[in-house]
Amino acid sequence: MFAVHLLAFHFTKLKEDQIKKVDRYLYPLRLSDDVLLDVMARFQAEMVKGLGRDTNPTATVKMLPSFVRSLPDGSEKGEFLAVDLGGSQFRAHQVKVFDDGRQSSQLESKFYPTPKEATQGNGAELFDYVADCLLDFMETKNLKHKKLPLGFTFSFPCKQTKLEEGVLLAWTKHFKVRGVQDTDVVTSLRRALQKHKDIDVDVLALVNDTVGTMMTCGYDDQRCEVGLIIGTGTNACYMEEMRHIELVEGDEGRMCINTEWGAFGDDGALDDLRTEFDRELDLGSLNPGKQLFEKMISSLYLGELVRLILLKMTKEGLLFNGKVSTALLTKGKIEMKHVSAMEKYKEGLSNTKEILTELSLCPSEEDCVAVQHVCTIVSFRSANLCAAALAAILTRLRENKKLLRMRTTVGIDGGLYKTHPQYAKRLHKVVRRLVPTCDVRFLLSVSGSGKGAAMVTAVAHRLAAQRGRIDATLAPFLLSLGTLREVRNKMRAELEYGLKRETQADASVKMLPTYVCGTPDGTEKGKFLALDLGGTNFRVLLVKIKSGRRRSVQMYNKIFAIPLEIMQGTGEELFDHIVQCIADFLEYMGIKGARLPLGFTFSFPCRQASIDKGTLLGWTKGFKATDCEGEDVVDMLREAIRRRNEFDLDIVAVVNDTVGTMMTCGYEDPNCEIGLIAGTGSNVCYMEDMKNIEIVEGNEGKMCINTEWGAFGDNGCIDNIRTKYDKEVDEGSLNPGKQSDRLALLQVRRILQQLGLDSTCEDSIIVKEVCGVVSQRAARLCGAGLAAIVEKKRENRGVERLRITVGVDGTLYKLHPHFSRVLRETVKELAPQCDVTFMLSEDGSGKGAALITAVAKRLHNVGQK
């Protein structure tokens, strides 16, 4: 018993001594966490460099766009072919994807060797071989009579400009085929397939094996957004935000980036970590100076790296009594399968002895322990470096999403990861240590990159069908220049109908006189109250206007909410609430006893008999208070003030918010004679010559006309451009068939539902496109209507060219990123003889009401004199 313990102690001591000896000798290959964090930071910098348009040409990590913009969502279906070229074997696959609610698929494959004459011959021979293998596979599976889409997994760096095209940048691994670099490999494959007239195959997608792995795993786990290969070669891909990919146009959604990280360090970025063994291995490779990171990680090189280390240690007398065998001197005699066998937990030492003996070496127990540990250090360094680069990708994903903690899945394939006894465990452990803020699931790709190519093709099929539905859905929103001219002309006709006494009753554009007969001239002064009613909030303002050299406008205001039950209650309740708000404001400002002139911005269509009389024609924007339509809103306000009996006000003017906008901008720019609102609602006013306004007595001077153009088309004159979505939105509104506000931004939800999406859909590309098309139509229709008005102004003045300013307010114009630009461009296109300046109003509905009141007081005083 004692002898057994003594022997065990001796062996343990022997093992420890040999491990320490190897550790000292291979110290440069043992990487601390600090070193790995440094590698991680270096790789992050290389990723940024590869994504930049200006820096990509000199980047070693090329960050190649794959044009794969969507992961599988489970709705894919159909039958697909795939071929997979890039490893030690060529594979052909038939993949059936079932839309049965269980995300099931069926894979049938056949493996073919990749002979040296194919991998190191000329391009025509390689692609002819691929086509011949595919033909054999289709004959075997009885598929020659079918026309099938094909995905091509090509595991080499390619520059893609679209999904089905890729120019080979460089061969890697053991491939060195002439005449293929800098050519489109899909074209070469199609050319080879065309020689076989009895098969009909459509190559729809070119996919890197890493992308294929991500797509395969993404079909089973929709959290999967990283693909990783650790086998003959190594590479990774991940889903990057489009806004960061300067090599591709567009900034919406995401695209899979093939990092091609095997070339990391080709510029010397890892020279301090490369050992003499790495350099010797590189010099003896097919591509010296290239793929240096891959040569430190992948299975194609790790066996050779172990051989070089053992050879030097033997020459220095540290192994095998210094006796070198011919086999140990021979390149390629130790492969990754030998390294994996030597590292096995229980039988590793016996495997080591057997393998070394086959190399004509005479290993002692000490030698076997040392060699086994050399293998462990080499493979652990590989896992550590791979983990550092993967941690950089995971960190970037988390930062892109602006998350403190992220859950994600990494799809993995490759012989080294699958077959090495300790590799996967080591990789997982180091990744979790380097990125503790990421909860990472590692998902092994069962069907490999071949199924992935088929999945990319299936997704492309799904997106193509979806694209067809999107185009058909959005086509009615895309208005041609001819259609816009037609809208402009119809608007012009409606303007004329609204101004004439005999046609005004039937006109959809009512052209309501405002009795505002002048714009500010700079002499206005005094204190004025202004009320602003037109949305869910109500404002009361005190406006102080100074004239002369110190001309200025000071405003003090308070905002009050209008509850829904008031908006849709009785008229008496609404106006009593308004007067309550006025009382609170006067108390707040300490001016309850003052009888100030007041302007009332009332942003609903009214027919005015004078500047201080306005009969409500109909509610819009969600208001539905009873007993108001057909009544004078100024009288209703005065009656509510009398009911309260606390204060008195001089109500001088009732104005529309559009008129207020024009007056506010007219205070700054005398050339402003048009006001435009593009917000919750849309409307325009402008100064019209009195001689053209038949519905008002007199023909001298000008008067501001409130067009109420939101009702344009209520008579059916633009039904040809209304879509079914416009009609659905109209039918679901509070006032179907009236004031449908065709010129405002329409709801997007119904369109998204029609496409099988909703407003919370993650597919930001489609959502953004729908929003863009709908809002562009709104801007172009608005521009067509405005072009009709500026052209009318030009003809009124009888000039060849008109210079005029449009005062604008409204959240759609102010906040939408493209609305104002599209509006300006459309007006310029449809009214080329008008130079139109757009001036943003600071506070049209409040300041404008006070200015109208001030102008009315000035004109009243002039009239008295």
# chains A, B, ... in the order shown; residues from 1 in each chain; ligands from 1
call {"tool": "closest_atom_pairs", "arguments": {"of": "range 168-229 of chain A", "to": "range 127-150 of chain A", "cutoff": "8 Å", "atoms": "only C-alpha atoms", "output": "Markdown table"}}
result
| residue | atom | partner | partner_atom | distance |
| --- | --- | --- | --- | --- |
| A:Ser188 | CA | A:Phe127 | CA | 6.6 |
| A:Leu189 | CA | A:Phe127 | CA | 5.6 |
| A:Ala192 | CA | A:Asp128 | CA | 5.2 |
| A:Leu193 | CA | A:Ala131 | CA | 5.4 |
| A:His196 | CA | A:Leu135 | CA | 7.9 |
| A:Asp198 | CA | A:Lys144 | CA | 6.8 |
| A:Ile199 | CA | A:Lys144 | CA | 5.3 |
| A:Asp200 | CA | A:Lys147 | CA | 5.1 |
| A:Val201 | CA | A:Leu148 | CA | 5.4 |
| A:Asp202 | CA | A:Pro149 | CA | 4.8 |
| A:Val203 | CA | A:Leu150 | CA | 4.7 |
| A:Leu204 | CA | A:Leu150 | CA | 5.9 |
| A:Ala205 | CA | A:Leu150 | CA | 7.0 |
call {"tool": "write_last_selection", "arguments": {"atoms": "N, CA, C and O atoms", "output": "compact mmCIF listing (two decimals), in the first residue's frame"}}
result
# COMPACT_ATOMS: atom_id res chain seq x y z
N SER A 188 -18.80 32.89 -61.60
CA SER A 188 -18.03 31.69 -61.95
C SER A 188 -18.84 30.42 -61.72
O SER A 188 -18.82 29.50 -62.55
N LEU A 189 -19.57 30.36 -60.61
CA LEU A 189 -20.40 29.19 -60.33
C LEU A 189 -21.54 29.08 -61.34
O LEU A 189 -21.83 27.98 -61.86
N ALA A 192 -20.31 27.71 -64.58
CA ALA A 192 -20.07 26.26 -64.52
C ALA A 192 -21.39 25.49 -64.53
O ALA A 192 -21.49 24.43 -65.17
N LEU A 193 -22.41 26.02 -63.85
CA LEU A 193 -23.72 25.34 -63.80
C LEU A 193 -24.40 25.35 -65.16
O LEU A 193 -25.13 24.42 -65.51
N HIS A 196 -24.32 22.42 -67.57
CA HIS A 196 -25.21 21.28 -67.35
C HIS A 196 -26.63 21.71 -67.72
O HIS A 196 -27.35 22.29 -66.90
N ASP A 198 -29.23 20.08 -68.13
CA ASP A 198 -30.34 19.29 -67.58
C ASP A 198 -30.72 19.67 -66.15
O ASP A 198 -31.56 19.03 -65.55
N ILE A 199 -30.08 20.71 -65.59
CA ILE A 199 -30.49 21.19 -64.26
C ILE A 199 -30.75 22.69 -64.33
O ILE A 199 -30.14 23.40 -65.13
N ASP A 200 -31.67 23.15 -63.51
CA ASP A 200 -32.05 24.57 -63.48
C ASP A 200 -31.95 25.06 -62.04
O ASP A 200 -32.82 24.79 -61.21
N VAL A 201 -30.85 25.74 -61.75
CA VAL A 201 -30.57 26.20 -60.38
C VAL A 201 -30.36 27.71 -60.41
O VAL A 201 -29.65 28.23 -61.26
N ASP A 202 -30.99 28.39 -59.47
CA ASP A 202 -30.88 29.85 -59.38
C ASP A 202 -30.09 30.22 -58.13
O ASP A 202 -30.55 30.01 -57.00
N VAL A 203 -28.88 30.75 -58.33
CA VAL A 203 -28.03 31.12 -57.18
C VAL A 203 -28.53 32.45 -56.62
O VAL A 203 -28.36 33.50 -57.25
N LEU A 204 -29.15 32.40 -55.45
CA LEU A 204 -29.78 33.60 -54.88
C LEU A 204 -28.94 34.27 -53.81
O LEU A 204 -29.15 35.45 -53.51
N ALA A 205 -28.02 33.54 -53.18
CA ALA A 205 -27.29 34.12 -52.05
C ALA A 205 -25.88 33.57 -51.97
O ALA A 205 -25.65 32.37 -52.13
call {"tool": "residues_around", "arguments": {"residues": "range 652-663 of chain A", "least_positions_apart": "6", "cutoff": "7 Å", "atoms": "only C-alpha atoms", "output": "PyMOL selection string"}}
result
chain A and resi 519-520+597-604+611-614+672-677+683-685+807-809+841+844-845+848-849+851-853
call {"tool": "residues_around", "arguments": {"residues": "Thr259 in chain A", "least_positions_apart": "4", "cutoff": "10 Å", "atoms": "only C-alpha atoms", "output": "list in words"}}
result
Glu46, Met47, Gly50, Leu51, Thr60, Val61, Lys62, Met63, Leu64, Pro65, Ser66, Pro157, Thr210, Asn235, Ala236, Cys237, Tyr238, Ala263, Phe264 and Ile393 of chain A
call {"tool": "residues_around", "arguments": {"residues": "Asp23 in chain A", "least_positions_apart": "3", "cutoff": "12 Å", "atoms": "only C-alpha atoms", "output": "number ranges by chain"}}
result
A: 16-20, 26-31, 370-378
call {"tool": "closest_residue", "arguments": {"among": "A:His461, A:Lys621, A:Arg381, A:Lys353", "to": "Leu533 in chain A", "atoms": "only C-alpha atoms"}}
result
A:Lys621
call {"tool": "select_by_dssp", "arguments": {"residues": "range 355-511 of chain A", "states": "strand (DSSP E)", "output": "list of chain:residue names"}}
result
A:Met406, A:Arg407, A:Thr408, A:Thr409, A:Val410, A:Gly411, A:Ile412, A:Asp413, A:Cys438, A:Asp439, A:Val440, A:Arg441, A:Phe442, A:Leu443, A:Leu444
call {"tool": "select_by_dssp", "arguments": {"residues": "range 34-183 of chain A", "states": "helix (DSSP H, G or I)", "output": "ChimeraX atom specification"}}
result
/A:34-51,56-58,116-119,123-140
call {"tool": "atom_distance", "arguments": {"atom1": "CA of Pro670 in chain A", "atom2": "CA of Met555 in chain A"}}
result
21.4 Å
call {"tool": "residues_around", "arguments": {"residues": "range 211-225 of chain A", "least_positions_apart": "2", "cutoff": "9 Å", "atoms": "only C-alpha atoms", "output": "CSV table (one decimal) with N, CA, C and O atoms, in the first residue's frame"}}
result
chain,number,residue,atom,x,y,z
A,66,SER,N,-22.4,41.8,-45.5
A,66,SER,CA,-22.9,40.6,-46.1
A,66,SER,C,-24.2,40.7,-46.9
A,66,SER,O,-24.6,39.9,-47.6
A,68,VAL,N,-26.9,40.5,-45.6
A,68,VAL,CA,-27.9,39.8,-44.9
A,68,VAL,C,-28.5,40.7,-43.8
A,68,VAL,O,-27.8,41.1,-42.9
A,71,LEU,N,-32.7,38.2,-39.7
A,71,LEU,CA,-32.6,36.8,-39.2
A,71,LEU,C,-33.8,36.1,-39.5
A,71,LEU,O,-34.9,36.7,-39.7
A,72,PRO,N,-33.8,34.8,-39.4
A,72,PRO,CA,-35.1,34.0,-39.6
A,72,PRO,C,-36.1,34.4,-38.6
A,72,PRO,O,-35.7,34.6,-37.4
A,73,ASP,N,-37.3,34.4,-38.9
A,73,ASP,CA,-38.4,34.7,-38.0
A,73,ASP,C,-39.4,33.6,-37.8
A,73,ASP,O,-40.4,33.7,-37.1
A,74,GLY,N,-39.1,32.4,-38.4
A,74,GLY,CA,-39.9,31.2,-38.3
A,74,GLY,C,-41.0,31.1,-39.3
A,74,GLY,O,-41.7,30.1,-39.4
A,103,GLN,N,-41.3,25.7,-36.5
A,103,GLN,CA,-40.0,26.0,-37.0
A,103,GLN,C,-39.2,24.7,-37.3
A,103,GLN,O,-38.0,24.6,-36.8
A,104,SER,N,-39.8,23.8,-38.0
A,104,SER,CA,-39.1,22.5,-38.3
A,104,SER,C,-38.5,22.6,-39.7
A,104,SER,O,-38.9,23.3,-40.6
A,153,THR,N,-22.4,28.7,-49.8
A,153,THR,CA,-21.5,29.1,-48.7
A,153,THR,C,-20.1,29.0,-49.2
A,153,THR,O,-19.6,28.0,-49.7
A,207,VAL,N,-22.9,33.3,-49.2
A,207,VAL,CA,-22.9,33.4,-47.8
A,207,VAL,C,-21.5,32.9,-47.3
A,207,VAL,O,-21.0,31.9,-47.7
A,208,ASN,N,-20.9,33.7,-46.3
A,208,ASN,CA,-19.8,33.2,-45.6
A,208,ASN,C,-20.2,32.1,-44.6
A,208,ASN,O,-21.3,32.1,-44.1
A,209,ASP,N,-19.4,31.1,-44.3
A,209,ASP,CA,-19.8,30.0,-43.4
A,209,ASP,C,-20.1,30.5,-42.1
A,209,ASP,O,-21.0,30.0,-41.4
A,227,GLY,N,-22.2,34.8,-35.2
A,227,GLY,CA,-21.8,33.5,-35.7
A,227,GLY,C,-20.3,33.4,-35.5
A,227,GLY,O,-19.6,34.4,-35.7
A,228,LEU,N,-19.9,32.2,-35.1
A,228,LEU,CA,-18.4,32.0,-34.8
A,228,LEU,C,-18.0,30.7,-35.4
A,228,LEU,O,-18.7,29.7,-35.2
A,229,ILE,N,-16.9,30.7,-36.2
A,229,ILE,CA,-16.3,29.4,-36.7
A,229,ILE,C,-14.9,29.3,-36.0
A,229,ILE,O,-14.1,30.2,-36.0
A,236,ALA,N,-15.7,35.4,-37.4
A,236,ALA,CA,-16.9,35.7,-36.7
A,236,ALA,C,-17.7,36.7,-37.5
A,236,ALA,O,-17.1,37.5,-38.3
A,237,CYS,N,-19.0,36.7,-37.3
A,237,CYS,CA,-19.9,37.7,-37.9
A,237,CYS,C,-20.9,38.1,-36.8
A,237,CYS,O,-21.0,37.4,-35.8
A,238,TYR,N,-21.5,39.3,-37.0
A,238,TYR,CA,-22.5,39.7,-36.0
A,238,TYR,C,-23.4,40.8,-36.7
A,238,TYR,O,-23.1,41.3,-37.8
A,239,MET,N,-24.5,41.1,-36.1
A,239,MET,CA,-25.5,42.0,-36.6
A,239,MET,C,-25.1,43.4,-36.1
A,239,MET,O,-25.2,43.7,-35.0
A,256,CYS,N,-25.7,42.1,-41.2
A,256,CYS,CA,-24.7,41.2,-40.7
A,256,CYS,C,-23.3,41.5,-41.3
A,256,CYS,O,-23.2,41.7,-42.5
A,257,ILE,N,-22.3,41.7,-40.4
A,257,ILE,CA,-21.0,42.0,-40.8
A,257,ILE,C,-20.1,40.8,-40.7
A,257,ILE,O,-20.0,40.2,-39.6
A,258,ASN,N,-19.4,40.4,-41.7
A,258,ASN,CA,-18.4,39.3,-41.7
A,258,ASN,C,-17.1,40.0,-41.4
A,258,ASN,O,-16.5,40.7,-42.2
A,397,LEU,N,-22.0,45.0,-29.4
A,397,LEU,CA,-23.4,44.7,-29.5
A,397,LEU,C,-24.2,45.4,-28.4
A,397,LEU,O,-25.2,46.0,-28.5
A,407,ARG,N,-28.6,40.0,-22.9
A,407,ARG,CA,-28.7,38.5,-23.2
A,407,ARG,C,-28.6,38.3,-24.7
A,407,ARG,O,-29.3,39.0,-25.4
A,408,THR,N,-27.7,37.4,-25.1
A,408,THR,CA,-27.6,37.1,-26.5
A,408,THR,C,-27.1,35.6,-26.7
A,408,THR,O,-26.7,35.0,-25.7
A,409,THR,N,-27.2,35.2,-27.9
A,409,THR,CA,-26.7,33.8,-28.3
A,409,THR,C,-25.7,33.9,-29.3
A,409,THR,O,-25.8,34.7,-30.3
A,410,VAL,N,-24.7,33.1,-29.2
A,410,VAL,CA,-23.6,33.0,-30.2
A,410,VAL,C,-23.7,31.6,-30.8
A,410,VAL,O,-23.6,30.6,-30.1
A,411,GLY,N,-23.9,31.6,-32.1
A,411,GLY,CA,-24.0,30.3,-32.9
A,411,GLY,C,-22.6,29.9,-33.3
A,411,GLY,O,-21.8,30.7,-33.8
A,412,ILE,N,-22.2,28.6,-33.0
A,412,ILE,CA,-20.8,28.2,-33.2
A,412,ILE,C,-20.8,26.9,-34.0
A,412,ILE,O,-21.6,26.0,-33.9
A,413,ASP,N,-19.8,26.9,-34.9
A,413,ASP,CA,-19.5,25.6,-35.7
A,413,ASP,C,-17.9,25.5,-35.8
A,413,ASP,O,-17.2,26.5,-35.5
A,441,ARG,N,-25.3,32.7,-24.3
A,441,ARG,CA,-25.6,31.3,-24.6
A,441,ARG,C,-24.8,30.9,-25.8
A,441,ARG,O,-24.9,31.6,-26.8
A,443,LEU,N,-24.6,28.3,-28.7
A,443,LEU,CA,-25.4,27.3,-29.4
A,443,LEU,C,-24.7,26.6,-30.5
A,443,LEU,O,-24.2,27.3,-31.5
A,444,LEU,N,-24.5,25.3,-30.4
A,444,LEU,CA,-23.7,24.6,-31.4
A,444,LEU,C,-24.6,24.4,-32.7
A,444,LEU,O,-25.8,24.0,-32.6
A,445,SER,N,-24.0,24.7,-33.8
A,445,SER,CA,-24.7,24.6,-35.1
A,445,SER,C,-24.8,23.1,-35.4
A,445,SER,O,-23.7,22.5,-35.7
A,446,VAL,N,-26.0,22.6,-35.5
A,446,VAL,CA,-26.1,21.1,-35.8
A,446,VAL,C,-25.9,20.8,-37.2
A,446,VAL,O,-25.2,19.9,-37.6
A,447,SER,N,-26.5,21.7,-38.1
A,447,SER,CA,-26.5,21.4,-39.5
A,447,SER,C,-25.5,22.2,-40.3
A,447,SER,O,-25.4,22.1,-41.5
A,448,GLY,N,-24.7,23.0,-39.6
A,448,GLY,CA,-23.6,23.7,-40.2
A,448,GLY,C,-24.0,24.8,-41.1
A,448,GLY,O,-25.1,25.2,-41.3
A,449,SER,N,-22.9,25.3,-41.8
A,449,SER,CA,-23.1,26.5,-42.7
A,449,SER,C,-23.9,26.2,-43.9
A,449,SER,O,-24.4,27.1,-44.6
A,450,GLY,N,-24.0,24.9,-44.3
A,450,GLY,CA,-24.8,24.5,-45.5
A,450,GLY,C,-26.3,24.9,-45.3
A,450,GLY,O,-26.9,25.5,-46.1
A,451,LYS,N,-26.8,24.4,-44.2
A,451,LYS,CA,-28.2,24.8,-43.8
A,451,LYS,C,-28.3,26.3,-43.7
A,451,LYS,O,-29.4,26.9,-44.1
A,452,GLY,N,-27.3,26.9,-43.2
A,452,GLY,CA,-27.3,28.4,-43.1
A,452,GLY,C,-27.5,29.1,-44.4
A,452,GLY,O,-28.2,30.1,-44.5
A,453,ALA,N,-26.8,28.6,-45.4
A,453,ALA,CA,-26.9,29.2,-46.8
A,453,ALA,C,-28.3,29.1,-47.2
A,453,ALA,O,-28.9,30.0,-47.8
A,454,ALA,N,-28.9,27.9,-47.0
A,454,ALA,CA,-30.3,27.7,-47.4
A,454,ALA,C,-31.2,28.6,-46.6
A,454,ALA,O,-32.2,29.2,-47.1
A,455,MET,N,-30.9,28.8,-45.3
A,455,MET,CA,-31.7,29.7,-44.5
A,455,MET,C,-31.6,31.2,-45.0
A,455,MET,O,-32.6,31.9,-45.0
A,456,VAL,N,-30.4,31.6,-45.4
A,456,VAL,CA,-30.3,32.9,-45.9
A,456,VAL,C,-31.1,33.0,-47.2
A,456,VAL,O,-31.8,34.1,-47.4
call {"tool": "residues_around", "arguments": {"residues": "Leu434 in chain A", "least_positions_apart": "6", "cutoff": "8 Å", "atoms": "only C-alpha atoms", "output": "ChimeraX atom specification"}}
result
/A:33,37,388,391
call {"tool": "closest_residue", "arguments": {"among": "A:Leu283, A:Cys606, A:Ala831, A:Ile693", "to": "Arg794 in chain A", "atoms": "only C-alpha atoms"}}
result
A:Ala831
call {"tool": "residues_around", "arguments": {"residues": "Asn720 in chain A", "least_positions_apart": "5", "cutoff": "12 Å", "atoms": "only C-alpha atoms", "output": "NGL selection string"}}
result
:A and (476-477 or 479 or 483-484 or 486-487 or 713 or 726-727)
call {"tool": "closest_residue", "arguments": {"among": "A:Leu478, A:Val306, A:Val509, A:Val543", "to": "Ala854 in chain A", "atoms": "only C-alpha atoms"}}
result
A:Val543
call {"tool": "closest_residue", "arguments": {"among": "A:Ala92, A:Cys386, A:Val186, A:Cys517", "to": "Gly701 in chain A", "atoms": "only C-alpha atoms"}}
result
A:Cys517
call {"tool": "atom_distance", "arguments": {"atom1": "CA of Phe175 in chain A", "atom2": "CA of Thr119 in chain A"}}
result
5.0 Å
call {"tool": "atom_distance", "arguments": {"atom1": "CA of Lys331 in chain A", "atom2": "CA of Leu385 in chain A"}}
result
24.5 Å
call {"tool": "closest_residue", "arguments": {"among": "A:Thr352, A:Ser299, A:Thr473, A:Thr457", "to": "Ala82 in chain A", "atoms": "only C-alpha atoms"}}
result
A:Thr457
